[in-house]
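*Asks:* Sharing structure-v2.cif below, mmCIF, C-alpha atoms:
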```
data_start
#
loop_
_atom_site.label_atom_id
_atom_site.label_comp_id
_atom_site.auth_asym_id
_atom_site.auth_seq_id
_atom_site.Cartn_x
_atom_site.Cartn_y
_atom_site.Cartn_z
CA MET L 3 69.70 4.22 -27.03
CA ASN L 4 70.31 6.85 -24.35
CA SER L 5 68.20 7.04 -21.23
CA ALA L 6 66.35 10.18 -22.28
CA THR L 7 65.06 8.42 -25.37
CA ARG L 8 64.03 5.45 -23.28
CA LEU L 9 62.05 7.64 -20.88
CA GLU L 10 60.50 9.47 -23.82
CA GLN L 11 59.25 6.17 -25.21
CA GLN L 12 57.81 5.24 -21.85
CA ILE L 13 56.03 8.58 -21.49
CA ALA L 14 54.68 8.32 -25.05
CA PHE L 15 53.11 4.99 -24.10
CA ILE L 16 51.67 6.41 -20.87
CA VAL L 17 50.15 9.31 -22.78
CA GLU L 18 48.74 7.02 -25.48
CA ILE L 19 46.95 4.75 -23.03
CA ASP L 20 45.04 7.73 -21.66
CA ARG L 21 42.70 7.00 -24.56
CA LEU L 22 41.37 3.90 -22.80
CA LYS L 23 39.35 6.34 -20.67
CA THR L 24 37.30 7.19 -23.76
CA VAL L 25 36.44 3.59 -24.70
CA LEU L 26 32.89 2.89 -23.53
CA ARG L 27 31.64 -0.52 -22.45
CA GLN L 28 28.04 -1.67 -22.64
CA ASN L 29 27.73 -1.80 -18.86
CA TYR L 30 26.44 1.00 -16.69
CA LEU L 31 27.92 2.20 -13.42
CA ALA L 32 26.31 0.74 -10.32
CA ASP L 33 24.26 3.93 -9.91
CA GLY L 34 23.05 3.73 -13.52
CA SER L 35 24.21 7.28 -14.24
CA ARG L 36 26.26 6.49 -17.33
CA ARG L 37 28.10 3.77 -19.20
CA GLU L 38 31.40 2.59 -17.83
CA ASN L 39 34.69 3.19 -19.61
CA THR L 40 37.38 0.56 -19.95
CA ALA L 41 40.04 2.38 -17.91
CA GLU L 42 37.91 2.68 -14.79
CA HIS L 43 36.73 -0.91 -15.31
CA SER L 44 40.38 -2.01 -15.36
CA TRP L 45 40.97 -0.34 -12.01
CA HIS L 46 37.83 -1.83 -10.51
CA VAL L 47 38.57 -5.38 -11.55
CA SER L 48 42.21 -5.05 -10.38
CA LEU L 49 41.19 -3.97 -6.90
CA MET L 50 38.55 -6.71 -6.96
CA ALA L 51 41.39 -9.19 -7.50
CA MET L 52 43.13 -7.94 -4.35
CA ILE L 53 39.95 -8.63 -2.36
CA LEU L 54 38.82 -11.93 -3.86
CA SER L 55 42.06 -13.85 -4.49
CA GLU L 56 41.21 -16.37 -1.74
CA HIS L 57 38.41 -17.63 -4.00
CA ALA L 58 40.68 -18.56 -6.90
CA ALA L 59 40.36 -22.19 -7.99
CA ALA L 60 44.12 -22.67 -7.60
CA PRO L 61 46.70 -20.65 -5.65
CA VAL L 62 47.60 -17.53 -7.63
CA ASP L 63 50.49 -15.06 -7.69
CA SER L 64 48.48 -12.00 -6.75
CA ALA L 65 50.99 -9.58 -8.23
CA ARG L 66 50.76 -11.35 -11.58
CA VAL L 67 46.96 -11.21 -11.50
CA LEU L 68 47.20 -7.44 -11.06
CA GLU L 69 49.58 -7.11 -14.00
CA LEU L 70 47.29 -9.16 -16.24
CA LEU L 71 44.24 -7.12 -15.30
CA LEU L 72 45.91 -3.73 -15.63
CA VAL L 73 46.84 -4.50 -19.25
CA HIS L 74 44.06 -6.92 -20.26
CA ASP L 75 41.94 -4.39 -22.14
CA LEU L 76 44.60 -2.01 -23.52
CA VAL L 77 44.00 -3.30 -27.05
CA GLU L 78 40.54 -1.73 -26.92
CA ILE L 79 42.19 1.63 -27.58
CA ASP L 80 42.39 0.57 -31.23
CA ALA L 81 40.04 -2.41 -31.40
CA GLY L 82 37.18 -0.99 -29.35
CA ASP L 83 35.16 -2.89 -26.78
CA THR L 84 33.56 -5.98 -28.28
CA PHE L 85 30.43 -6.69 -26.26
CA ALA L 86 30.47 -10.12 -24.66
CA TYR L 87 27.41 -11.24 -26.58
CA ASP L 88 28.27 -9.70 -29.95
CA SER L 89 28.73 -12.79 -32.15
CA ILE L 90 29.48 -10.77 -35.29
CA GLY L 91 32.08 -8.57 -33.61
CA GLU L 92 33.59 -11.71 -32.12
CA GLN L 93 34.51 -13.00 -35.59
CA THR L 94 36.90 -10.12 -36.25
CA LYS L 95 37.91 -9.43 -32.66
CA ALA L 96 41.08 -11.54 -32.60
CA ALA L 97 42.59 -9.94 -35.70
CA ARG L 98 41.69 -6.42 -34.56
CA GLU L 99 43.16 -7.00 -31.14
CA GLN L 100 46.37 -8.58 -32.43
CA ALA L 101 47.04 -5.54 -34.60
CA ALA L 102 46.26 -3.26 -31.67
CA ALA L 103 48.67 -5.13 -29.41
CA GLU L 104 51.46 -4.78 -31.98
CA ARG L 105 51.00 -1.04 -32.23
CA ILE L 106 50.30 -0.12 -28.62
CA PHE L 107 52.84 -2.30 -26.81
CA GLY L 108 55.27 -1.43 -29.60
CA LEU L 109 55.44 2.14 -28.32
CA LEU L 110 57.51 0.90 -25.37
CA PRO L 111 61.22 0.05 -25.24
CA ALA L 112 61.55 -3.48 -26.66
CA ALA L 113 61.98 -5.47 -23.45
CA GLN L 114 59.01 -3.76 -21.83
CA ALA L 115 56.92 -4.18 -24.96
CA GLU L 116 57.61 -7.90 -24.81
CA ARG L 117 56.80 -8.05 -21.12
CA LEU L 118 53.42 -6.36 -21.48
CA ARG L 119 52.64 -8.33 -24.60
CA ALA L 120 53.40 -11.53 -22.68
CA ALA L 121 51.01 -10.46 -19.94
CA TRP L 122 48.26 -9.80 -22.47
CA ASP L 123 48.95 -13.08 -24.28
CA GLU L 124 48.81 -14.93 -20.96
CA TYR L 125 45.46 -13.35 -20.15
CA GLU L 126 44.06 -14.15 -23.57
CA ALA L 127 45.24 -17.77 -23.52
CA SER L 128 43.49 -18.30 -20.18
CA GLU L 129 45.64 -21.28 -19.26
CA THR L 130 47.50 -20.22 -16.10
CA PRO L 131 45.71 -20.07 -12.73
CA GLU L 132 46.32 -16.30 -12.73
CA ALA L 133 44.76 -15.81 -16.16
CA ARG L 134 41.78 -18.01 -15.36
CA PHE L 135 41.14 -16.19 -12.11
CA ALA L 136 41.49 -12.81 -13.82
CA LEU L 137 38.98 -13.91 -16.47
CA SER L 138 36.54 -14.96 -13.73
CA LEU L 139 36.63 -11.46 -12.27
CA ASP L 140 36.28 -9.81 -15.66
CA ARG L 141 33.19 -11.88 -16.37
CA LEU L 142 31.63 -11.55 -12.93
CA MET L 143 31.86 -7.76 -12.78
CA PRO L 144 29.29 -7.05 -15.54
CA MET L 145 26.87 -9.46 -13.89
CA ILE L 146 27.14 -7.46 -10.68
CA HIS L 147 26.60 -4.23 -12.59
CA ASN L 148 23.61 -5.67 -14.42
CA SER L 149 22.14 -6.90 -11.15
CA LEU L 150 22.41 -3.39 -9.71
CA THR L 151 20.85 -1.70 -12.74
CA GLU L 152 17.96 -4.10 -13.35
CA GLY L 153 19.74 -5.73 -16.27
CA ARG L 154 20.17 -2.52 -18.21
CA ALA L 155 23.01 -3.68 -20.48
CA TRP L 156 21.46 -7.13 -20.87
CA GLN L 157 18.14 -5.65 -21.95
CA ALA L 158 19.64 -3.01 -24.22
CA ASN L 159 21.40 -5.81 -26.10
CA GLY L 160 18.74 -8.54 -25.97
CA VAL L 161 20.90 -10.84 -23.85
CA THR L 162 19.16 -13.90 -22.40
CA ALA L 163 19.89 -16.07 -19.37
CA ASP L 164 21.12 -19.07 -21.36
CA LYS L 165 23.98 -16.99 -22.75
CA VAL L 166 24.84 -15.45 -19.39
CA ARG L 167 24.85 -18.91 -17.78
CA HIS L 168 27.30 -20.08 -20.42
CA ARG L 169 29.67 -17.29 -19.39
CA ALA L 170 29.19 -18.17 -15.73
CA GLU L 171 30.82 -21.53 -16.44
CA SER L 172 34.19 -19.89 -17.05
CA ILE L 173 33.76 -17.92 -13.85
CA ALA L 174 33.35 -21.18 -11.95
CA GLN L 175 36.47 -22.60 -13.59
CA GLY L 176 38.62 -19.76 -12.26
CA ALA L 177 36.82 -19.32 -8.95
CA PRO L 178 34.12 -21.80 -7.90
CA ALA L 179 32.53 -19.61 -5.22
CA LEU L 180 32.26 -16.75 -7.68
CA GLY L 181 30.72 -19.06 -10.25
CA ALA L 182 28.06 -19.93 -7.69
CA LEU L 183 27.51 -16.25 -6.99
CA ALA L 184 27.12 -15.59 -10.71
CA LEU L 185 24.41 -18.23 -10.96
CA GLU L 186 22.61 -16.69 -7.99
CA LEU L 187 22.69 -13.29 -9.66
CA ILE L 188 21.40 -14.74 -12.93
CA ASN L 189 18.58 -16.65 -11.23
CA SER L 190 17.56 -13.61 -9.21
CA ALA L 191 17.54 -11.49 -12.36
CA VAL L 192 15.33 -13.99 -14.15
CA ASP L 193 12.98 -14.20 -11.14
CA ALA L 194 12.80 -10.42 -10.91
CA GLY L 195 11.96 -10.20 -14.60
CA PHE L 196 14.89 -8.19 -15.86
CA LEU L 197 16.71 -11.03 -17.60
CA ALA L 198 14.74 -13.07 -20.16
CA SER L 199 15.19 -16.79 -19.57
CA SER L 200 15.59 -17.63 -23.27
CA PRO L 201 15.19 -15.95 -26.67
CA SER L 202 11.63 -17.28 -26.97
CA ALA L 203 10.67 -15.79 -23.61
CA GLN L 204 11.50 -12.27 -24.73
CA MET Z 7 31.15 -15.93 10.35
CA ASN Z 8 30.29 -18.33 7.53
CA SER Z 9 31.86 -18.05 4.11
CA ALA Z 10 28.70 -16.71 2.46
CA THR Z 11 28.67 -13.75 4.81
CA ARG Z 12 32.34 -13.14 4.19
CA LEU Z 13 31.82 -13.09 0.41
CA GLU Z 14 28.81 -10.82 0.86
CA GLN Z 15 30.98 -8.33 2.75
CA GLN Z 16 33.59 -8.45 0.02
CA ILE Z 17 31.01 -7.88 -2.71
CA ALA Z 18 29.46 -5.00 -0.74
CA PHE Z 19 32.87 -3.32 -0.69
CA ILE Z 20 33.40 -3.94 -4.40
CA VAL Z 21 30.01 -2.41 -5.19
CA GLU Z 22 30.63 0.57 -2.90
CA ILE Z 23 33.93 1.49 -4.53
CA ASP Z 24 32.19 1.78 -7.90
CA ARG Z 25 31.43 5.31 -6.68
CA LEU Z 26 35.05 6.34 -7.19
CA LYS Z 27 34.16 6.51 -10.89
CA THR Z 28 31.94 9.51 -10.12
CA VAL Z 29 34.57 11.52 -8.24
CA LEU Z 30 35.97 14.16 -10.58
CA ARG Z 31 39.50 15.50 -10.42
CA GLN Z 32 40.55 18.95 -11.62
CA ASN Z 33 42.64 17.49 -14.43
CA TYR Z 34 41.44 16.92 -17.95
CA LEU Z 35 42.04 13.86 -20.10
CA ALA Z 36 44.97 14.12 -22.48
CA ASP Z 37 42.55 14.94 -25.33
CA GLY Z 38 40.93 17.69 -23.25
CA SER Z 39 37.45 16.22 -23.79
CA ARG Z 40 36.42 16.10 -20.13
CA ARG Z 41 37.70 16.05 -16.56
CA GLU Z 42 39.24 12.86 -15.32
CA ASN Z 43 37.64 10.73 -12.61
CA THR Z 44 39.57 9.21 -9.75
CA ALA Z 45 38.95 5.56 -10.69
CA GLU Z 46 40.42 5.86 -14.16
CA HIS Z 47 43.27 7.94 -12.74
CA SER Z 48 44.00 5.10 -10.30
CA TRP Z 49 44.28 2.65 -13.18
CA HIS Z 50 46.50 4.98 -15.18
CA VAL Z 51 48.95 5.65 -12.39
CA SER Z 52 49.09 1.93 -11.50
CA LEU Z 53 50.02 0.93 -15.02
CA MET Z 54 52.46 3.84 -15.08
CA ALA Z 55 54.15 2.25 -12.07
CA MET Z 56 54.65 -0.98 -14.02
CA ILE Z 57 56.42 0.96 -16.77
CA LEU Z 58 58.51 3.39 -14.73
CA SER Z 59 59.67 1.37 -11.71
CA GLU Z 60 63.29 1.40 -12.95
CA HIS Z 61 63.33 5.13 -12.21
CA ALA Z 62 62.51 4.76 -8.50
CA ALA Z 63 65.07 6.39 -6.19
CA ALA Z 64 65.48 3.11 -4.29
CA PRO Z 65 64.64 -0.47 -5.31
CA VAL Z 66 60.90 -1.05 -4.87
CA ASP Z 67 58.63 -4.05 -4.47
CA SER Z 68 56.60 -3.49 -7.63
CA ALA Z 69 53.63 -5.50 -6.40
CA ARG Z 70 53.42 -3.35 -3.28
CA VAL Z 71 53.54 -0.18 -5.37
CA LEU Z 72 50.53 -1.45 -7.32
CA GLU Z 73 48.61 -2.20 -4.12
CA LEU Z 74 49.31 1.27 -2.76
CA LEU Z 75 48.22 2.96 -5.97
CA LEU Z 76 45.06 0.91 -6.44
CA VAL Z 77 43.80 1.97 -2.99
CA HIS Z 78 45.47 5.39 -2.58
CA ASP Z 79 42.44 7.49 -3.51
CA LEU Z 80 39.56 5.30 -2.25
CA VAL Z 81 38.86 7.74 0.56
CA GLU Z 82 37.76 10.28 -2.04
CA ILE Z 83 34.47 8.39 -2.27
CA ASP Z 84 33.47 10.17 0.94
CA ALA Z 85 36.04 12.94 1.24
CA GLY Z 86 36.04 14.11 -2.38
CA ASP Z 87 39.08 15.07 -4.36
CA THR Z 88 41.03 17.86 -2.69
CA PHE Z 89 42.86 19.75 -5.43
CA ALA Z 90 46.60 19.78 -4.95
CA TYR Z 91 46.72 23.55 -4.65
CA ASP Z 92 43.59 24.02 -2.48
CA SER Z 93 45.08 25.37 0.75
CA ILE Z 94 41.69 25.72 2.46
CA GLY Z 95 40.55 22.21 1.59
CA GLU Z 96 43.93 20.96 2.75
CA GLN Z 97 43.19 22.07 6.32
CA THR Z 98 40.27 19.68 6.69
CA LYS Z 99 41.49 16.99 4.31
CA ALA Z 100 43.17 14.74 6.88
CA ALA Z 101 40.12 14.53 9.15
CA ARG Z 102 37.75 13.93 6.23
CA GLU Z 103 39.95 11.22 4.80
CA GLN Z 104 40.47 9.45 8.11
CA ALA Z 105 36.72 9.18 8.60
CA ALA Z 106 36.32 7.95 5.03
CA ALA Z 107 38.97 5.28 5.53
CA GLU Z 108 37.21 4.02 8.66
CA ARG Z 109 33.91 3.65 6.86
CA ILE Z 110 35.02 2.36 3.46
CA PHE Z 111 37.69 -0.14 4.51
CA GLY Z 112 35.38 -1.12 7.38
CA LEU Z 113 32.99 -2.69 4.88
CA LEU Z 114 35.48 -5.54 4.41
CA PRO Z 115 36.10 -8.56 6.64
CA ALA Z 116 38.35 -7.38 9.49
CA ALA Z 117 41.70 -8.76 8.32
CA GLN Z 118 41.22 -7.39 4.82
CA ALA Z 119 40.06 -4.04 6.17
CA GLU Z 120 43.28 -3.83 8.16
CA ARG Z 121 45.37 -4.84 5.16
CA LEU Z 122 43.91 -2.17 2.88
CA ARG Z 123 44.02 0.41 5.62
CA ALA Z 124 47.69 -0.40 6.14
CA ALA Z 125 48.33 0.14 2.43
CA TRP Z 126 46.58 3.50 2.52
CA ASP Z 127 48.43 4.51 5.69
CA GLU Z 128 51.73 3.52 4.10
CA TYR Z 129 50.96 5.63 1.05
CA GLU Z 130 49.94 8.61 3.16
CA ALA Z 131 52.98 8.41 5.42
CA SER Z 132 55.28 8.48 2.37
CA GLU Z 133 58.18 6.91 4.20
CA THR Z 134 58.83 3.61 2.41
CA PRO Z 135 60.53 3.52 -1.02
CA GLU Z 136 57.28 2.13 -2.45
CA ALA Z 137 55.16 4.95 -1.03
CA ARG Z 138 57.60 7.63 -2.11
CA PHE Z 139 57.76 6.24 -5.63
CA ALA Z 140 53.97 5.95 -5.80
CA LEU Z 141 53.67 9.58 -4.69
CA SER Z 142 56.10 10.64 -7.42
CA LEU Z 143 53.86 9.07 -10.06
CA ASP Z 144 50.71 10.55 -8.56
CA ARG Z 145 52.28 14.02 -8.69
CA LEU Z 146 53.84 13.67 -12.13
CA MET Z 147 50.67 12.51 -13.88
CA PRO Z 148 48.76 15.83 -13.55
CA MET Z 149 51.79 17.70 -14.87
CA ILE Z 150 51.74 15.50 -17.97
CA HIS Z 151 48.01 16.10 -18.38
CA ASN Z 152 48.45 19.83 -17.95
CA SER Z 153 51.27 19.85 -20.48
CA LEU Z 154 49.01 18.13 -23.00
CA THR Z 155 46.07 20.49 -22.41
CA GLU Z 156 47.96 23.80 -22.36
CA GLY Z 157 47.72 24.01 -18.58
CA ARG Z 158 43.96 23.81 -18.47
CA ALA Z 159 43.64 22.70 -14.83
CA TRP Z 160 46.45 25.01 -13.75
CA GLN Z 161 44.82 28.01 -15.39
CA ALA Z 162 41.31 27.19 -14.20
CA ASN Z 163 42.64 27.19 -10.65
CA GLY Z 164 45.16 30.03 -10.82
CA VAL Z 165 48.12 27.75 -10.16
CA THR Z 166 51.56 29.26 -10.69
CA ALA Z 167 54.95 27.73 -11.47
CA ASP Z 168 56.41 28.30 -8.00
CA LYS Z 169 53.77 26.02 -6.51
CA VAL Z 170 54.17 23.36 -9.19
CA ARG Z 171 57.95 23.43 -8.72
CA HIS Z 172 57.45 22.84 -5.02
CA ARG Z 173 55.50 19.67 -5.83
CA ALA Z 174 58.16 18.59 -8.28
CA GLU Z 175 60.59 18.31 -5.36
CA SER Z 176 58.71 15.33 -3.95
CA ILE Z 177 58.71 13.74 -7.40
CA ALA Z 178 62.51 13.98 -7.46
CA GLN Z 179 62.72 12.40 -4.00
CA GLY Z 180 60.88 9.30 -5.16
CA ALA Z 181 62.28 9.18 -8.68
CA PRO Z 182 65.09 11.59 -9.66
CA ALA Z 183 64.69 11.19 -13.43
CA LEU Z 184 60.97 11.88 -13.14
CA GLY Z 185 61.67 14.95 -11.02
CA ALA Z 186 63.89 16.22 -13.82
CA LEU Z 187 61.15 15.51 -16.33
CA ALA Z 188 58.66 17.42 -14.17
CA LEU Z 189 60.93 20.48 -14.16
CA GLU Z 190 61.25 20.26 -17.94
CA LEU Z 191 57.47 20.18 -18.29
CA ILE Z 192 57.08 23.14 -15.94
CA ASN Z 193 59.73 25.20 -17.73
CA SER Z 194 58.24 24.42 -21.12
CA ALA Z 195 54.79 25.41 -19.86
CA VAL Z 196 56.11 28.72 -18.55
CA ASP Z 197 57.97 29.37 -21.81
CA ALA Z 198 54.86 28.53 -23.83
CA GLY Z 199 52.81 30.92 -21.72
CA PHE Z 200 50.29 28.53 -20.23
CA LEU Z 201 51.72 28.45 -16.72
CA ALA Z 202 52.25 31.78 -14.97
CA SER Z 203 55.70 31.98 -13.43
CA SER Z 204 54.48 33.57 -10.17
CA PRO Z 205 51.30 35.10 -8.69
CA SER Z 206 52.45 38.60 -9.70
CA ALA Z 207 52.99 37.48 -13.29
CA GLN Z 208 49.36 36.50 -13.74
#
```
Using the file provided, produce a representation of the structure as structure tokens.
*Replies:*
Amino acid sequence: MNSATRLEQQIAFIVEIDRLKTVLRQNYLADGSRRENTAEHSWHVSLMAMILSEHAAAPVDSARVLELLLVHDLVEIDAGDTFAYDSIGEQTKAAREQAAAERIFGLLPAAQAERLRAAWDEYEASETPEARFALSLDRLMPMIHNSLTEGRAWQANGVTADKVRHRAESIAQGAPALGALALELINSAVDAGFLASSPSAQ
Amino acid sequence: MNSATRLEQQIAFIVEIDRLKTVLRQNYLADGSRRENTAEHSWHVSLMAMILSEHAAAPVDSARVLELLLVHDLVEIDAGDTFAYDSIGEQTKAAREQAAAERIFGLLPAAQAERLRAAWDEYEASETPEARFALSLDRLMPMIHNSLTEGRAWQANGVTADKVRHRAESIAQGAPALGALALELINSAVDAGFLASSPSAQ
């Protein structure tokens, strides 16, 4: 393969991933003006990692955390964003995302495709300190956004505190101080009346 | 300062930078559906750096390139996006961005504020291999978007090929192969009739 072809493959991938800007998440921006897209979320959570790495449960390679977070949601270009509390979507999510990873990373030259695929696999497996910390940030961010918008995404989707608390456990595993913050946010939201404490309380 | 206060400062910064998602650039998404915002652009150009680092003019610390790109446009929260070819806005840009950097980075604990400020200063100075490569990507990306949208942002702003070629020179300095690609894109756009070759040709 000559170098022009290699660069063409790289540019084709870069153009393709522009589509992540059109994938909408359930969460709203902090100002409530509109729903967030997955590309801008990926930037936000990456910069968040630069700021909060001291809170990781174990020492992390900060550069690796950035790589995991920059690619962690690329599969949503094909698979869409599966809302955290969508139990039906969750059943098909893995298969949809595996197919998406094959296609999207496959646009790159082989060695780079493998490298990005490995980063996504590492994030998904959530076994390394870097992946666990990255997951903590990805799960904390929507709680912050919900806190700032009076639980808008939680309410629109009938999410209750018991389910959010369950997700806070994985935040604590990757970053104890952030897990504690998550619980504070949840408790405040319940006290303020914009997060129902349980399905029966709705 | 106790650790709670430190985390509160960090979260305040993370919430504040959500506003970058509402800063619009002149460029359109690849599908032409809407203008791009600066947060999603920052993600795109960061991931682009992961893919294209082999093309840098000098060996680069890839992790540092990511840090520079994740923070390079944060000042636009206060200063707005100054279009690349806005010669009037350019006159006041430096002062507006310096004030923005003081305020926005100043939300962080002191050592982190200095670290992010140093990254932004390094990017702005464009003297290190990392900063020059990052600048190349930041300048190439809008040319790719314009190529995909028949020069929509160029035409909306009366931009001509002589000015775009001038910007392509700094792309070549940071990444020769990408500078060559930029010239190809410019020439193709002129040939296709969606980039005027000079002011008199408009």
*Asks:* Using all atoms listed in the file, determine which residues of chain Z fall within 6 Å of chain L; present them as a CSV table (one decimal) with C-alpha atoms, in the coordinates of the input.
*Replies:*
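For reference, part08.csv as written:
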```csv
chain,number,residue,atom,x,y,z
Z,45,ALA,CA,39.0,5.6,-10.7
Z,46,GLU,CA,40.4,5.9,-14.2
Z,49,TRP,CA,44.3,2.6,-13.2
Z,69,ALA,CA,53.6,-5.5,-6.4
```
*Asks:* How would you write, as a list in words, the residues chosen by the PyMOL selection byres ((chain L and resi 88-105) around 9) on this structure?
*Replies:* Leu76, Val77, Glu78, Ile79, Asp80, Ala81, Gly82, Thr84, Phe85, Ala86, Tyr87, Ile106, Phe107, Gly108, Leu109, Ala115, Arg119, Trp122 and Asn159 of chain L
*Asks:* Around the point (35.8, -21.4, -15.8), in the coordinates given by the file, pick out the residues reaching within 12 Å, counting all atoms listed in the file, and return them as a ChimeraX atom specification.
*Replies:* /L:58-60,128-131,133-142,167-182,184
*Asks:* Just to be explicit: take each residue in the selection above, keep C-alpha atoms, and write the result as a compact mmCIF listing (two decimals), in the frame of the given file.
*Replies:*
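Written out: out-v4.txt:
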```
# COMPACT_ATOMS: atom_id res chain seq x y z
CA ALA L 58 40.68 -18.56 -6.90
CA ALA L 59 40.36 -22.19 -7.99
CA ALA L 60 44.12 -22.67 -7.60
CA SER L 128 43.49 -18.30 -20.18
CA GLU L 129 45.64 -21.28 -19.26
CA THR L 130 47.50 -20.22 -16.10
CA PRO L 131 45.71 -20.07 -12.73
CA ALA L 133 44.76 -15.81 -16.16
CA ARG L 134 41.78 -18.01 -15.36
CA PHE L 135 41.14 -16.19 -12.11
CA ALA L 136 41.49 -12.81 -13.82
CA LEU L 137 38.98 -13.91 -16.47
CA SER L 138 36.54 -14.96 -13.73
CA LEU L 139 36.63 -11.46 -12.27
CA ASP L 140 36.28 -9.81 -15.66
CA ARG L 141 33.19 -11.88 -16.37
CA LEU L 142 31.63 -11.55 -12.93
CA ARG L 167 24.85 -18.91 -17.78
CA HIS L 168 27.30 -20.08 -20.42
CA ARG L 169 29.67 -17.29 -19.39
CA ALA L 170 29.19 -18.17 -15.73
CA GLU L 171 30.82 -21.53 -16.44
CA SER L 172 34.19 -19.89 -17.05
CA ILE L 173 33.76 -17.92 -13.85
CA ALA L 174 33.35 -21.18 -11.95
CA GLN L 175 36.47 -22.60 -13.59
CA GLY L 176 38.62 -19.76 -12.26
CA ALA L 177 36.82 -19.32 -8.95
CA PRO L 178 34.12 -21.80 -7.90
CA ALA L 179 32.53 -19.61 -5.22
CA LEU L 180 32.26 -16.75 -7.68
CA GLY L 181 30.72 -19.06 -10.25
CA ALA L 182 28.06 -19.93 -7.69
CA ALA L 184 27.12 -15.59 -10.71
```
*Asks:* Using all atoms listed in the file, find the one residue out of Z:Gly38, Z:Asp127, Z:Glu190, Z:Ser59 that sits nearest to Asn152 in chain Z.
*Replies:*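 Comparing Z:Gly38, Z:Asp127, Z:Glu190, Z:Ser59 against Asn152 in chain Z, the winner is Z:Gly38.
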*Asks:* Kindly give the distance, in Å, that separates CA of Ala159 in chain Z and CA of Leu30 in chain Z, rounded to a single decimal.
*Replies:*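 According to the coordinates, CA of Ala159 in chain Z and CA of Leu30 in chain Z are separated by 12.2 Å.
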*Asks:* Could you work out how far CA of Arg27 in chain L lies from CA of Pro201 in chain L, giving the answer in Å with one decimal?
*Replies:*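 Between CA of Pro201 in chain L and CA of Arg27 in chain L the gap is 22.9 Å.
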*Asks:* Would you please work out which residue, of L:Ala191, L:Leu70, L:Val161, L:Ala112, is nearest to Ala127 in chain L when using all atoms listed in the file?
*Replies:*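 Using all atoms listed in the file, Ala127 in chain L sits closest to L:Leu70.
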*Asks:* What gap, in Å, lies between CA of Thr155 in chain Z and CA of Arg37 in chain L?
*Replies:*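 Going from CA of Thr155 in chain Z over to CA of Arg37 in chain L covers 24.8 Å.
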*Asks:* Using only the atoms of range 39-57 of chain L listed in the file, plus 8 Å on each side, state the axis-aligned box centre and edge lengths in Å rounded to one decimal, as AutoDock Vina command-line options.
*Replies:*
```
--center_x 38.9 --center_y -7.2 --center_z -10.8 --size_x 24.4 --size_y 36.8 --size_z 34.2
```
*Asks:* Once the PyMOL selection byres ((chain Z and resi 199) around 12) has been evaluated on this model, what residues remain selected, and can you format them as a PyMOL selection string?
*Replies:* chain Z and resi 153+156-158+160-161+166-167+192-198+200-204+207-208
